[in-house]
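A.B. asks: Got a file for you: query39.txt, compact mmCIF, C-alpha atoms.
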```
# COMPACT_ATOMS: atom_id res chain seq x y z
CA MET A 653 0.00 0.00 0.00
CA THR A 654 1.44 3.40 -0.98
CA GLY A 655 1.30 6.65 0.97
CA ARG A 656 -1.23 8.23 -1.34
CA ALA A 657 -3.62 5.27 -1.30
CA SER A 658 -3.80 5.37 2.49
CA GLU A 659 -3.91 9.14 2.82
CA GLU A 660 -7.26 10.58 3.89
CA ARG A 661 -8.37 14.07 3.15
CA PRO A 662 -9.39 16.03 6.34
CA ALA A 663 -13.15 16.19 6.79
CA ALA A 664 -14.81 19.53 6.01
CA THR A 665 -15.98 21.55 9.03
CA SER A 666 -19.75 22.04 9.57
CA GLU A 667 -19.23 25.75 10.16
CA ALA A 668 -18.67 28.16 7.27
CA HIS A 669 -16.41 30.17 9.54
CA PRO A 670 -15.22 30.17 13.13
CA PRO A 671 -17.49 31.48 15.87
CA GLY A 672 -17.46 35.24 16.21
CA ARG A 673 -17.16 35.81 12.46
CA GLN A 674 -20.88 35.59 11.65
CA ALA A 675 -22.38 38.82 10.26
CA ALA A 676 -24.67 40.89 12.43
CA GLY A 677 -28.26 39.79 12.34
CA GLY A 678 -27.30 36.17 11.83
CA GLY A 679 -27.58 36.34 8.03
CA ASP A 680 -25.43 34.64 5.45
CA PRO A 681 -22.16 36.51 5.03
CA ALA A 682 -22.39 36.09 1.31
CA ALA A 683 -25.58 38.03 1.35
CA HIS A 684 -23.72 41.00 2.76
CA GLY A 685 -21.00 40.74 0.13
CA GLU A 686 -18.55 38.94 2.41
CA GLN A 687 -16.63 35.80 1.42
CA PRO A 688 -16.31 33.01 4.02
CA THR A 689 -12.87 32.90 5.62
CA PRO A 690 -11.07 29.65 4.51
CA ASP A 691 -9.90 27.28 7.27
CA PRO A 692 -6.12 26.66 6.96
CA ALA A 693 -6.24 23.42 9.02
CA PRO A 694 -6.95 20.99 6.10
CA ASP A 695 -3.83 22.11 4.17
CA ARG A 696 -1.63 21.80 7.26
CA LEU A 697 -2.94 18.29 8.00
CA THR A 698 -2.42 17.23 4.38
CA ARG A 699 1.21 18.40 4.39
CA THR A 700 1.88 16.63 7.71
CA ALA A 701 0.41 13.34 6.50
CA ARG A 702 2.42 13.46 3.30
CA PHE A 703 5.62 14.10 5.24
CA ALA A 704 4.93 11.21 7.63
CA TRP A 705 4.19 8.74 4.87
CA GLY A 706 7.22 9.88 2.91
CA ALA A 707 9.40 9.15 5.94
CA VAL A 708 7.86 5.67 6.22
CA VAL A 709 8.60 4.95 2.55
CA VAL A 710 12.24 6.04 2.95
CA ILE A 711 12.66 3.78 6.00
CA LEU A 712 11.09 0.83 4.18
CA ILE A 713 13.42 1.32 1.20
CA GLY A 714 16.40 1.35 3.56
CA VAL A 715 15.30 -1.85 5.29
CA ILE A 716 14.71 -3.60 1.96
CA GLY A 717 18.16 -2.50 0.80
CA LEU A 718 19.81 -3.98 3.91
CA ILE A 719 17.98 -7.27 3.42
CA VAL A 720 19.03 -7.50 -0.24
CA TYR A 721 22.67 -6.76 0.67
CA ALA A 722 22.64 -9.42 3.37
CA LEU A 723 21.30 -12.01 0.92
CA THR A 724 23.37 -11.12 -2.14
CA GLY A 725 26.33 -9.16 -0.83
CA PRO A 726 29.93 -10.36 -0.42
CA PRO A 727 30.37 -13.74 1.39
CA SER A 728 31.32 -13.74 5.04
CA SER A 729 34.90 -14.31 6.16
CA SER A 730 34.03 -17.92 7.11
CA GLY A 731 34.19 -18.82 3.41
CA THR A 732 37.63 -17.31 2.91
CA VAL A 733 40.69 -19.56 2.86
CA HIS A 734 43.84 -17.91 4.14
CA ARG A 735 47.03 -19.79 3.29
CA VAL A 736 50.34 -18.87 4.87
CA PRO A 737 53.57 -20.36 3.45
CA THR A 738 55.34 -22.74 5.80
CA SER A 739 58.54 -21.25 7.13
CA ASP A 740 61.86 -22.42 5.73
CA THR A 741 62.85 -23.43 9.26
CA VAL A 742 59.97 -25.88 9.63
CA ILE A 743 60.49 -27.30 6.12
CA ALA A 744 64.16 -27.83 6.97
CA GLU A 745 63.36 -29.57 10.28
CA VAL A 746 60.84 -31.88 8.64
CA GLY A 747 63.18 -32.61 5.74
CA ARG A 748 66.31 -33.28 7.77
CA VAL A 749 65.36 -35.75 10.47
CA PRO A 750 68.64 -37.26 11.72
CA ALA A 751 69.43 -40.72 10.36
CA ARG A 752 70.08 -41.98 13.89
CA VAL A 753 66.45 -41.12 14.79
CA PHE A 754 65.05 -43.05 11.82
CA ASP A 755 67.22 -46.06 12.70
CA SER A 756 66.61 -45.97 16.43
CA VAL A 757 62.85 -45.59 16.17
CA GLY A 758 62.34 -48.04 13.32
CA VAL A 759 58.62 -48.85 13.47
CA THR A 760 58.20 -48.76 17.23
CA ALA A 761 56.31 -46.06 19.05
CA THR A 762 54.72 -45.49 22.44
CA ASP A 763 51.29 -45.14 20.84
CA PRO A 764 49.69 -47.66 18.47
CA LEU A 765 50.39 -47.32 14.75
CA VAL A 766 48.33 -48.24 11.69
CA VAL A 767 50.34 -50.36 9.26
CA PRO A 768 49.83 -49.61 5.54
CA THR A 769 48.66 -52.33 3.16
CA VAL A 770 51.04 -53.91 0.65
CA LEU A 771 49.59 -54.60 -2.81
CA THR A 772 50.97 -57.10 -5.28
CA HIS A 773 50.60 -57.69 -9.01
CA GLN A 774 49.02 -54.29 -9.66
CA PRO A 775 49.66 -51.98 -12.62
CA PRO A 776 52.15 -49.22 -11.80
CA LEU A 777 51.01 -45.74 -10.88
CA GLU A 778 53.15 -43.25 -12.78
CA ALA A 779 53.40 -39.55 -13.55
CA ALA A 780 55.98 -37.75 -15.67
CA GLY A 781 57.75 -41.04 -16.29
CA LYS A 782 58.31 -41.70 -12.56
CA PRO A 783 56.57 -43.77 -9.91
CA GLU A 784 53.81 -41.62 -8.42
CA VAL A 785 52.89 -40.97 -4.82
CA LEU A 786 49.25 -39.85 -4.69
CA PHE A 787 47.69 -38.19 -1.65
CA VAL A 788 43.98 -37.40 -1.46
CA GLY A 789 42.68 -35.51 1.53
CA ALA A 790 40.93 -32.38 2.73
CA ASP A 791 42.18 -29.35 4.62
CA TYR A 792 39.57 -29.72 7.36
CA CYS A 793 40.21 -33.45 7.94
CA PRO A 794 42.07 -34.21 11.23
CA PHE A 795 43.27 -37.64 10.08
CA CYS A 796 44.65 -35.97 6.96
CA ALA A 797 46.35 -33.43 9.21
CA ALA A 798 48.12 -36.24 11.05
CA GLU A 799 49.06 -38.20 7.92
CA ARG A 800 50.66 -35.25 6.15
CA TRP A 801 53.44 -35.15 8.74
CA PRO A 802 54.97 -38.59 8.04
CA LEU A 803 54.26 -38.24 4.33
CA VAL A 804 56.22 -34.98 4.11
CA VAL A 805 59.02 -36.55 6.17
CA ALA A 806 59.15 -39.62 3.91
CA LEU A 807 59.01 -37.69 0.64
CA SER A 808 61.74 -35.37 1.87
CA ARG A 809 64.12 -38.38 1.90
CA PHE A 810 63.71 -38.62 -1.89
CA GLY A 811 63.43 -34.96 -2.86
CA HIS A 812 62.63 -31.49 -1.60
CA PHE A 813 59.55 -29.41 -0.84
CA ALA A 814 60.26 -25.88 -2.01
CA THR A 815 56.79 -24.71 -0.94
CA LEU A 816 54.27 -25.89 1.60
CA TYR A 817 51.41 -24.05 3.27
CA ASN A 818 50.31 -24.05 6.87
CA MET A 819 46.93 -25.56 7.63
CA GLN A 820 44.85 -26.71 10.57
CA SER A 821 42.01 -29.18 10.84
CA GLY A 822 38.49 -27.78 10.90
CA GLN A 823 37.20 -26.31 14.14
CA GLN A 824 34.07 -28.47 13.87
CA SER A 825 36.04 -31.72 13.44
CA VAL A 826 36.58 -34.34 16.12
CA PHE A 827 40.17 -33.12 16.57
CA PRO A 828 39.90 -29.38 15.91
CA GLY A 829 42.74 -27.05 15.09
CA LEU A 830 45.48 -29.64 14.48
CA GLN A 831 48.55 -27.90 13.07
CA THR A 832 49.72 -29.37 9.79
CA PHE A 833 50.31 -28.52 6.11
CA SER A 834 48.21 -28.20 2.99
CA PHE A 835 49.28 -29.55 -0.36
CA VAL A 836 47.31 -26.88 -2.24
CA GLY A 837 49.99 -25.01 -4.18
CA ALA A 838 52.80 -27.19 -2.81
CA ALA A 839 55.97 -27.51 -4.88
CA TYR A 840 57.94 -30.76 -4.70
CA SER A 841 60.81 -32.02 -6.82
CA SER A 842 62.56 -35.40 -6.91
CA ARG A 843 64.64 -37.40 -9.33
CA TYR A 844 63.03 -40.60 -8.04
CA VAL A 845 59.27 -40.04 -7.68
CA ALA A 846 56.45 -37.72 -8.70
CA PHE A 847 54.07 -36.42 -6.08
CA SER A 848 50.42 -35.42 -6.49
CA GLY A 849 48.68 -33.92 -3.47
CA VAL A 850 44.95 -33.30 -3.86
CA GLU A 851 42.95 -31.48 -1.19
CA LEU A 852 39.28 -31.91 -2.05
CA TYR A 853 37.86 -29.47 0.52
CA SER A 854 39.09 -26.43 2.41
CA ASP A 855 38.76 -25.87 6.16
CA SER A 856 36.15 -23.15 5.59
CA ILE A 857 32.39 -23.50 5.93
CA GLY A 858 30.28 -22.36 2.99
CA SER A 859 26.84 -20.74 3.06
CA ASP A 860 25.27 -24.21 2.84
CA GLY A 861 26.92 -25.25 6.12
CA ALA A 862 29.34 -27.68 4.44
CA TYR A 863 33.08 -27.49 3.87
CA THR A 864 33.94 -25.71 0.65
CA PRO A 865 35.06 -27.95 -2.25
CA ILE A 866 38.29 -26.71 -3.82
CA ALA A 867 39.38 -29.55 -6.13
CA THR A 868 38.18 -32.63 -7.96
CA LEU A 869 39.95 -35.84 -8.83
CA THR A 870 40.94 -36.60 -12.39
CA PRO A 871 39.25 -39.72 -13.81
CA PRO A 872 42.43 -41.82 -13.33
CA GLN A 873 42.81 -40.60 -9.74
CA ALA A 874 39.16 -41.34 -9.01
CA ALA A 875 39.56 -44.83 -10.47
CA VAL A 876 42.63 -45.51 -8.30
CA MET A 877 40.88 -44.28 -5.17
CA ASP A 878 37.78 -46.28 -6.00
CA ARG A 879 39.86 -49.41 -6.36
CA TYR A 880 42.24 -49.10 -3.43
CA SER A 881 40.80 -46.61 -0.97
CA SER A 882 40.22 -49.26 1.73
CA GLY A 883 43.45 -51.09 0.97
CA THR A 884 41.51 -54.26 0.14
CA GLY A 885 41.60 -54.22 -3.65
CA PRO A 886 38.71 -54.10 -6.12
CA ARG A 887 35.94 -54.16 -3.48
CA GLY A 888 37.41 -51.35 -1.39
CA ARG A 889 35.06 -48.58 -0.33
CA THR A 890 35.13 -45.30 -2.18
CA GLY A 891 35.92 -41.90 -0.77
CA ALA A 892 37.86 -42.68 2.40
CA PHE A 893 40.59 -40.16 3.12
CA PRO A 894 43.33 -39.50 3.82
CA PHE A 895 44.27 -41.81 0.98
CA VAL A 896 47.89 -42.48 0.08
CA ASP A 897 48.87 -44.65 -2.88
CA ILE A 898 52.54 -45.31 -3.59
CA ASP A 899 52.83 -46.69 -7.11
CA ASN A 900 49.93 -49.11 -6.43
CA GLN A 901 52.34 -51.03 -4.21
CA LEU A 902 51.54 -49.56 -0.79
CA VAL A 903 48.29 -47.86 0.23
CA THR A 904 46.62 -46.53 3.32
CA SER A 905 43.21 -44.99 3.94
CA THR A 906 43.77 -43.43 7.33
CA SER A 907 46.49 -41.77 9.34
CA GLY A 908 49.42 -43.80 10.62
CA PHE A 909 48.74 -42.68 14.19
CA SER A 910 45.94 -41.08 16.19
CA PRO A 911 45.44 -37.37 15.47
CA GLY A 912 44.96 -36.97 19.21
CA LEU A 913 48.74 -37.13 19.63
CA ILE A 914 49.23 -33.68 18.12
CA VAL A 915 46.33 -31.93 19.82
CA ASP A 916 47.49 -28.59 21.26
CA ARG A 917 50.91 -28.96 19.61
CA SER A 918 52.12 -26.05 17.51
CA GLN A 919 53.59 -26.74 14.11
CA SER A 920 57.09 -25.89 15.33
CA ALA A 921 56.63 -28.13 18.40
CA VAL A 922 55.77 -31.13 16.20
CA ALA A 923 58.73 -30.36 13.94
CA ASP A 924 61.05 -30.13 16.95
CA ALA A 925 59.80 -33.49 18.25
CA LEU A 926 61.06 -35.25 15.11
CA SER A 927 64.62 -35.17 16.41
CA GLN A 928 63.69 -36.36 19.92
CA LEU A 929 64.00 -40.12 20.36
CA HIS A 930 61.71 -40.33 23.37
CA ASP A 931 58.98 -37.91 22.37
CA PRO A 932 55.78 -39.90 21.60
CA VAL A 933 54.87 -37.47 18.80
CA GLY A 934 58.30 -37.76 17.20
CA GLN A 935 58.20 -41.55 17.50
CA ALA A 936 54.78 -41.82 15.84
CA VAL A 937 55.67 -39.51 12.93
CA VAL A 938 59.09 -41.09 12.30
CA ALA A 939 57.84 -44.69 12.56
CA SER A 940 54.97 -43.93 10.16
CA ALA A 941 57.46 -42.21 7.84
CA ASN A 942 59.64 -45.35 7.83
CA TYR A 943 56.63 -47.40 6.67
CA LEU A 944 55.91 -44.95 3.86
CA THR A 945 59.59 -44.79 2.95
CA ALA A 946 59.67 -48.58 2.58
CA GLY A 947 56.78 -48.29 0.12
CA ILE A 948 58.55 -45.59 -1.88
CA CYS A 949 61.68 -47.75 -1.96
CA LEU A 950 59.58 -50.53 -3.51
CA ALA A 951 58.58 -48.09 -6.24
CA THR A 952 62.10 -46.78 -6.89
CA GLY A 953 63.86 -50.14 -6.97
CA GLN A 954 65.44 -49.50 -3.56
CA GLN A 955 66.98 -46.20 -4.57
CA PRO A 956 68.65 -44.22 -3.14
CA ALA A 957 70.49 -47.00 -1.36
CA ALA A 958 71.53 -44.76 1.52
CA VAL A 959 67.85 -44.41 2.44
CA CYS A 960 66.40 -47.74 1.36
CA ALA A 961 69.11 -49.88 2.96
CA SER A 962 69.01 -47.99 6.25
CA ARG A 963 68.20 -49.86 9.44
CA GLY A 964 64.96 -47.97 10.04
CA VAL A 965 63.59 -48.77 6.58
CA ARG A 966 64.69 -52.40 6.86
CA SER A 967 62.69 -52.63 10.08
CA ALA A 968 59.67 -51.40 8.15
CA ASP A 969 60.32 -53.95 5.39
CA VAL A 970 60.22 -56.76 7.94
CA ALA A 971 57.05 -55.46 9.60
CA LEU A 972 55.36 -55.19 6.20
CA GLY A 973 56.40 -58.71 5.23
CA LEU A 974 58.57 -57.51 2.37
CA HIS A 975 61.46 -59.70 1.33
CA VAL A 976 63.94 -57.09 0.23
CA ARG A 977 67.59 -57.99 -0.38
```
Can I see the file as structure tokens?

C.D. replies:
Amino acid sequence: MTGRASEERPAATSEAHPPGRQAAGGGDPAAHGEQPTPDPAPDRLTRTARFAWGAVVVILIGVIGLIVYALTGPPSSSGTVHRVPTSDTVIAEVGRVPARVFDSVGVTATDPLVVPTVLTHQPPLEAAGKPEVLFVGADYCPFCAAERWPLVVALSRFGHFATLYNMQSGQQSVFPGLQTFSFVGAAYSSRYVAFSGVELYSDSIGSDGAYTPIATLTPPQAAVMDRYSSGTGPRGRTGAFPFVDIDNQLVTSTSGFSPGLIVDRSQSAVADALSQLHDPVGQAVVASANYLTAGICLATGQQPAAVCASRGVRSADVALGLHVR
């Protein structure tokens, strides 16, 4: 309803003029040549009503504008992904775990470990003419957060990460805020293997209340994950992550240790623990890295020998049931 449709004209007064203005004798003023004095009240009331309804219309327009902006304006900060490059110091600590720590820890740790699955008689997984290590995860996923640590440690024995990004598991996850890395935009080089790190979702919540998708698998990657994601072969379940496939020879569909181990640990604290023989976090990451290293050595033909013939990797070979000479 508009202002004009609801506006009422003031009712006319029953008197032709105010009391005291009637001509002497009580006759009609017009009969004496006088014109009735107009009452200014109706004009004043009309102007007031128009002003009031105009103000209402302006307020309504403002409210409608705010509603439209809220519905169609820029997304809230919860949908924004902020990625900070991992410091060179942390990359160096993760990439230079002392050999004595690898050998002393082997595959033993204070907390239970999950042993990867060895595959046999499978077609190779390759990229750029090299055996491929494929990781599929999500930024928000706490088990992915845990698994990235040993994977980065293991891959760093065969090459170098020039770029990694800091990440933390989603605040709504079962283990919130775990400090880790993201493979989105990561740069890795190696003469022995190729690495593909796919993060399917960010750690940010979209307007639909779900984590924001940021990547999709290629058809070959989806086929590999469909086939091996449970580590049981053709009938494995689809979509479990973190998923790690090393040349279709070693796979895992969960983290090598409980994410609970790194709760409330800063990224630098976890990195520091890697050189401490008796730190449960360092033990879990290094032991899991030895398992993954043994799988990469299967893919590379046991090269480089300095890594693949080390005591820590040989311990992993035995635990995996590999007969490596």

A.B. asks: Within 9 Å of (45.9, -34.5, 13.0), all atoms listed in the file: residues as a ChimeraX atom specification?

C.D. replies: /A:793-801,820-821,827-832,907,909-915

A.B. asks: Give me the residues near segment 923-928 of chain A as a ChimeraX atom specification, where near means some atom within 8 Å (using all atoms listed in the file) and where sequence neighbours in that chain fewer than 2 positions away do not count.

C.D. replies: /A:742,745-746,749-750,753,919-921,930-931,933-935,937-938

A.B. asks: Tell me which of A:Phe835, A:Gly953, A:Leu974, A:Ser940 sits closest to Gly758 of chain A, counting only C-alpha atoms.

C.D. replies: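 Between A:Phe835, A:Gly953, A:Leu974, A:Ser940, the residue approaching Gly758 of chain A most closely is A:Ser940.
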
A.B. asks: Distance atom CA of Ser848 of chain A-atom CA of Leu786 of chain A, one decimal place?

C.D. replies: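 Calculated distance between atom CA of Ser848 of chain A and atom CA of Leu786 of chain A is 4.9 Å.
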
A.B. asks: Between atom CA of Asp878 of chain A and atom CA of Thr769 of chain A, what is the distance in Å, rounded to a tenth?

C.D. replies: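 For atom CA of Asp878 of chain A relative to atom CA of Thr769 of chain A, the distance reads 15.5 Å.
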
A.B. asks: Please provide the set of residues having any atom within 8 Å of Ala846 of chain A, restricted to all atoms listed in the file, with same-chain residues fewer than 5 positions apart removed, written as a PyMOL selection string.

C.D. replies: chain A and resi 778-780+782-785+841

A.B. asks: Please report the interatomic distance between atom CA of Gln774 of chain A and atom CA of Tyr844 of chain A in Å with one decimal.

C.D. replies: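 According to the coordinates, atom CA of Gln774 of chain A and atom CA of Tyr844 of chain A are separated by 19.7 Å.
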
A.B. asks: Give one line per residue of segment 806-884 of chain A that approaches segment 893-898 of chain A to at most 9 Å, naming the two atoms of the closest pair and their distance in Å to one decimal, counting all atoms listed in the file; sort by chain then ascending residue number and deliver it as JSON lines.

C.D. replies:
```
{"residue": "A:Val876", "atom": "CA", "partner": "A:Asp897", "partner_atom": "CA", "distance": 8.3}
{"residue": "A:Met877", "atom": "CA", "partner": "A:Phe895", "partner_atom": "CA", "distance": 7.4}
{"residue": "A:Tyr880", "atom": "CA", "partner": "A:Asp897", "partner_atom": "CA", "distance": 8.0}
{"residue": "A:Ser881", "atom": "CA", "partner": "A:Phe895", "partner_atom": "CA", "distance": 6.2}
{"residue": "A:Ser882", "atom": "CA", "partner": "A:Phe895", "partner_atom": "CA", "distance": 8.5}
```

A.B. asks: Which residue is closest to Asn900 of chain A? Choose from A:Arg752, A:Pro776, A:Gly837, A:Met819 and count only C-alpha atoms.

C.D. replies: A:Pro776

A.B. asks: Rank A:Gly822, A:Pro802, A:Gly964, A:Pro764 by their smallest atom-to-atom distance to Asp855 of chain A, using all atoms listed in the file, and report the top residue only.

C.D. replies: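 Closest to Asp855 of chain A of all the choices is A:Gly822.
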
A.B. asks: For a quick check of understanding, using all atoms listed in the file, which of A:Ile857, A:Ala744, A:Ala790, A:Val922 has the smallest distance to Ala814 of chain A?

C.D. replies: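 Of all the options, A:Ala744 lies closest to Ala814 of chain A.
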
A.B. asks: Quick one: of A:His773, A:Arg963, A:Arg977, A:Arg748, who's nearest to Ser808 of chain A, counting all atoms listed in the file?

C.D. replies: A:Arg748
